[in-house]
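The next block is final.csv, given as CSV, C-alpha atoms.
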chain,number,residue,atom,x,y,z
A,1,MET,CA,9.0,14.2,-0.4
A,2,ALA,CA,8.5,12.0,-3.5
A,3,THR,CA,6.9,8.6,-3.4
A,4,ASP,CA,8.9,5.5,-4.4
A,5,PRO,CA,7.6,3.2,-7.2
A,6,ALA,CA,6.2,0.6,-4.8
A,7,LEU,CA,4.2,3.2,-2.8
A,8,ALA,CA,3.0,4.9,-6.0
A,9,ALA,CA,1.7,1.5,-7.3
A,10,PHE,CA,0.0,0.9,-3.9
A,11,LEU,CA,-1.7,4.3,-4.0
A,12,ALA,CA,-2.9,3.7,-7.5
A,13,LEU,CA,-5.0,0.7,-6.5
A,14,ASP,CA,-8.7,0.9,-5.8
A,15,ASP,CA,-10.5,-1.0,-3.1
A,16,ASP,CA,-11.5,-3.7,-5.5
A,17,THR,CA,-7.9,-4.5,-6.5
A,18,VAL,CA,-6.4,-4.5,-3.0
A,19,ALA,CA,-7.1,-8.2,-2.5
A,20,ALA,CA,-5.3,-9.2,-5.7
A,21,TYR,CA,-2.4,-6.9,-4.7
A,22,ALA,CA,-2.2,-8.4,-1.2
A,23,ASP,CA,-2.2,-12.0,-2.6
A,24,ASP,CA,0.5,-11.1,-5.2
A,25,ARG,CA,2.7,-9.3,-2.7
A,26,ALA,CA,2.4,-12.1,-0.1
A,27,ALA,CA,3.4,-14.7,-2.8
A,28,ALA,CA,6.3,-12.6,-3.9
A,29,LEU,CA,7.5,-12.5,-0.3
A,30,GLY,CA,6.9,-16.2,0.2
A,31,LEU,CA,4.1,-15.6,2.7
A,32,ALA,CA,0.5,-16.8,3.0
A,33,LEU,CA,-2.4,-14.9,4.4
A,34,PRO,CA,-4.1,-17.2,6.9
A,35,PRO,CA,-7.8,-17.6,5.9
A,36,GLU,CA,-9.0,-16.6,9.3
A,37,THR,CA,-7.2,-13.2,9.1
A,38,ARG,CA,-7.5,-12.5,5.4
A,39,ALA,CA,-10.7,-10.4,5.4
A,40,GLY,CA,-9.4,-8.2,8.2
A,41,THR,CA,-6.0,-7.9,6.5
A,42,LEU,CA,-7.6,-6.8,3.3
A,43,GLU,CA,-9.8,-4.3,5.1
A,44,ASN,CA,-6.8,-2.8,6.9
A,45,LEU,CA,-4.8,-2.6,3.6
A,46,ALA,CA,-7.7,-0.8,1.9
A,47,LEU,CA,-7.9,1.7,4.8
A,48,LEU,CA,-4.1,2.1,4.9
A,49,ARG,CA,-4.2,2.8,1.1
A,50,ARG,CA,-6.9,5.5,1.5
A,51,GLN,CA,-5.0,7.1,4.4
A,52,ALA,CA,-1.7,7.1,2.6
A,53,ALA,CA,-3.3,8.6,-0.5
A,54,THR,CA,-4.8,11.4,1.6
A,55,PHE,CA,-1.4,12.2,3.1
A,56,ALA,CA,0.5,11.8,-0.1
A,57,MET,CA,-1.6,14.2,-2.1
A,58,ASP,CA,0.8,17.1,-1.6
A,59,LEU,CA,4.0,15.3,-2.3
A,60,ASP,CA,6.4,17.0,-4.8
A,61,ALA,CA,7.5,14.4,-7.3
A,62,ALA,CA,10.8,16.4,-7.9
A,63,ALA,CA,11.7,16.3,-4.2
A,64,PRO,CA,14.1,13.6,-2.9
A,65,ILE,CA,12.7,10.5,-1.2
A,66,GLU,CA,13.0,10.8,2.5
A,67,ALA,CA,12.9,7.9,5.0
A,68,PHE,CA,10.2,8.0,7.6
A,69,GLU,CA,11.3,9.0,11.1
A,70,PRO,CA,8.8,8.8,13.9

Would you put the structure from the file into structure tokens?
Amino acid sequence: MATDPALAAFLALDDDTVAAYADDRAAALGLALPPETRAGTLENLALLRRQAATFAMDLDAAAPIEAFEP
């Protein structure tokens, strides 16, 4: 399964740039991260990015993109 461009951009981040990414993404979606939840949200995004990168390591870029089905 290949990664789409948005996922590839997310996986290319490092922990130091997750906050800027989250702020930019929230603004693009017309959302605001509440100050009382921002630190936890950023921590969770960094963890999610590391987990996604771990599972995406073996993806074949030539394979078609497949929708996730639980």

All residues 9 Å or closer to A:Leu33, only C-alpha atoms, same chain fewer than 5 positions away omitted, as a PyMOL selection string: chain A and resi 22-23+26+38+41

Close residues, A:Leu47 itself excluded, 12 Å, only C-alpha atoms, min 3 positions apart in chain, as JSON, numbers by chain: {"A": [10, 11, 13, 14, 15, 18, 40, 41, 42, 43, 44, 50, 51, 52, 53, 54]}

Could the residues in this selection be saved with C-alpha atoms as a PDB file, keeping the file's coordinate frame?
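Everything below was put into result_12.pdb:
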ATOM      1  CA  PHE A  10       0.000   0.900  -3.900  1.00  0.00           C
ATOM      2  CA  LEU A  11      -1.700   4.300  -4.000  1.00  0.00           C
ATOM      3  CA  LEU A  13      -5.000   0.700  -6.500  1.00  0.00           C
ATOM      4  CA  ASP A  14      -8.700   0.900  -5.800  1.00  0.00           C
ATOM      5  CA  ASP A  15     -10.500  -1.000  -3.100  1.00  0.00           C
ATOM      6  CA  VAL A  18      -6.400  -4.500  -3.000  1.00  0.00           C
ATOM      7  CA  GLY A  40      -9.400  -8.200   8.200  1.00  0.00           C
ATOM      8  CA  THR A  41      -6.000  -7.900   6.500  1.00  0.00           C
ATOM      9  CA  LEU A  42      -7.600  -6.800   3.300  1.00  0.00           C
ATOM     10  CA  GLU A  43      -9.800  -4.300   5.100  1.00  0.00           C
ATOM     11  CA  ASN A  44      -6.800  -2.800   6.900  1.00  0.00           C
ATOM     12  CA  ARG A  50      -6.900   5.500   1.500  1.00  0.00           C
ATOM     13  CA  GLN A  51      -5.000   7.100   4.400  1.00  0.00           C
ATOM     14  CA  ALA A  52      -1.700   7.100   2.600  1.00  0.00           C
ATOM     15  CA  ALA A  53      -3.300   8.600  -0.500  1.00  0.00           C
ATOM     16  CA  THR A  54      -4.800  11.400   1.600  1.00  0.00           C
TER      17      THR A  54
END

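With all atoms listed in the file as the atoms that count, the minimum distance from A:Ala46 to the choices A:Ala12, A:Ala32, A:Ala67, A:Ala27 is reached by A:Ala12.
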
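Taking atom CA of A:Ala9 and atom CA of A:Arg49 as endpoints, the distance between them is 10.3 Å.
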
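Atom CA of A:Pro35 is positioned 25.5 Å from atom CA of A:Leu7.
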
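Of note, atom CA of A:Ala19 and atom CA of A:Pro34 are spaced 13.4 Å apart.
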
Atom completion result for stretch 25-47 of chain A (N, CA and C atoms) as a JSON list (two decimals), in the coordinates of the input:
[["chain", "number", "residue", "atom", "x", "y", "z"],
["A", 25, "ARG", "N", 1.55, -9.78, -3.53],
["A", 25, "ARG", "CA", 2.70, -9.30, -2.70],
["A", 25, "ARG", "C", 3.07, -10.39, -1.69],
["A", 26, "ALA", "N", 2.10, -11.04, -1.08],
["A", 26, "ALA", "CA", 2.40, -12.10, -0.10],
["A", 26, "ALA", "C", 3.14, -13.25, -0.84],
["A", 27, "ALA", "N", 2.68, -13.62, -2.03],
["A", 27, "ALA", "CA", 3.40, -14.70, -2.80],
["A", 27, "ALA", "C", 4.78, -14.29, -3.14],
["A", 28, "ALA", "N", 4.98, -13.04, -3.53],
["A", 28, "ALA", "CA", 6.30, -12.60, -3.90],
["A", 28, "ALA", "C", 7.27, -12.61, -2.69],
["A", 29, "LEU", "N", 6.71, -12.44, -1.50],
["A", 29, "LEU", "CA", 7.50, -12.50, -0.30],
["A", 29, "LEU", "C", 7.58, -13.86, 0.34],
["A", 30, "GLY", "N", 6.92, -14.84, -0.30],
["A", 30, "GLY", "CA", 6.90, -16.20, 0.20],
["A", 30, "GLY", "C", 6.05, -16.35, 1.47],
["A", 31, "LEU", "N", 5.02, -15.53, 1.57],
["A", 31, "LEU", "CA", 4.10, -15.60, 2.70],
["A", 31, "LEU", "C", 2.73, -16.02, 2.28],
["A", 32, "ALA", "N", 1.94, -16.43, 3.23],
["A", 32, "ALA", "CA", 0.50, -16.80, 3.00],
["A", 32, "ALA", "C", -0.33, -16.04, 3.98],
["A", 33, "LEU", "N", -1.43, -15.50, 3.48],
["A", 33, "LEU", "CA", -2.40, -14.90, 4.40],
["A", 33, "LEU", "C", -3.28, -15.94, 4.98],
["A", 34, "PRO", "N", -3.25, -16.14, 6.30],
["A", 34, "PRO", "CA", -4.10, -17.20, 6.90],
["A", 34, "PRO", "C", -5.58, -16.85, 6.61],
["A", 35, "PRO", "N", -6.35, -17.86, 6.25],
["A", 35, "PRO", "CA", -7.80, -17.60, 5.90],
["A", 35, "PRO", "C", -8.54, -16.89, 6.99],
["A", 36, "GLU", "N", -8.24, -17.18, 8.25],
["A", 36, "GLU", "CA", -9.00, -16.60, 9.30],
["A", 36, "GLU", "C", -8.66, -15.08, 9.54],
["A", 37, "THR", "N", -7.56, -14.61, 8.96],
["A", 37, "THR", "CA", -7.20, -13.20, 9.10],
["A", 37, "THR", "C", -7.25, -12.44, 7.79],
["A", 38, "ARG", "N", -7.53, -13.14, 6.69],
["A", 38, "ARG", "CA", -7.50, -12.50, 5.40],
["A", 38, "ARG", "C", -8.43, -11.35, 5.22],
["A", 39, "ALA", "N", -9.67, -11.52, 5.60],
["A", 39, "ALA", "CA", -10.70, -10.40, 5.40],
["A", 39, "ALA", "C", -10.25, -9.20, 6.21],
["A", 40, "GLY", "N", -9.80, -9.36, 7.44],
["A", 40, "GLY", "CA", -9.40, -8.20, 8.20],
["A", 40, "GLY", "C", -8.11, -7.56, 7.67],
["A", 41, "THR", "N", -7.19, -8.39, 7.15],
["A", 41, "THR", "CA", -6.00, -7.90, 6.50],
["A", 41, "THR", "C", -6.31, -7.03, 5.31],
["A", 42, "LEU", "N", -7.21, -7.52, 4.48],
["A", 42, "LEU", "CA", -7.60, -6.80, 3.30],
["A", 42, "LEU", "C", -8.31, -5.48, 3.62],
["A", 43, "GLU", "N", -9.16, -5.53, 4.63],
["A", 43, "GLU", "CA", -9.80, -4.30, 5.10],
["A", 43, "GLU", "C", -8.83, -3.28, 5.58],
["A", 44, "ASN", "N", -7.85, -3.74, 6.34],
["A", 44, "ASN", "CA", -6.80, -2.80, 6.90],
["A", 44, "ASN", "C", -5.96, -2.26, 5.75],
["A", 45, "LEU", "N", -5.62, -3.09, 4.75],
["A", 45, "LEU", "CA", -4.80, -2.60, 3.60],
["A", 45, "LEU", "C", -5.60, -1.53, 2.83],
["A", 46, "ALA", "N", -6.89, -1.75, 2.63],
["A", 46, "ALA", "CA", -7.70, -0.80, 1.90],
["A", 46, "ALA", "C", -7.74, 0.55, 2.69],
["A", 47, "LEU", "N", -7.91, 0.46, 4.00],
["A", 47, "LEU", "CA", -7.90, 1.70, 4.80],
["A", 47, "LEU", "C", -6.55, 2.35, 4.79]]
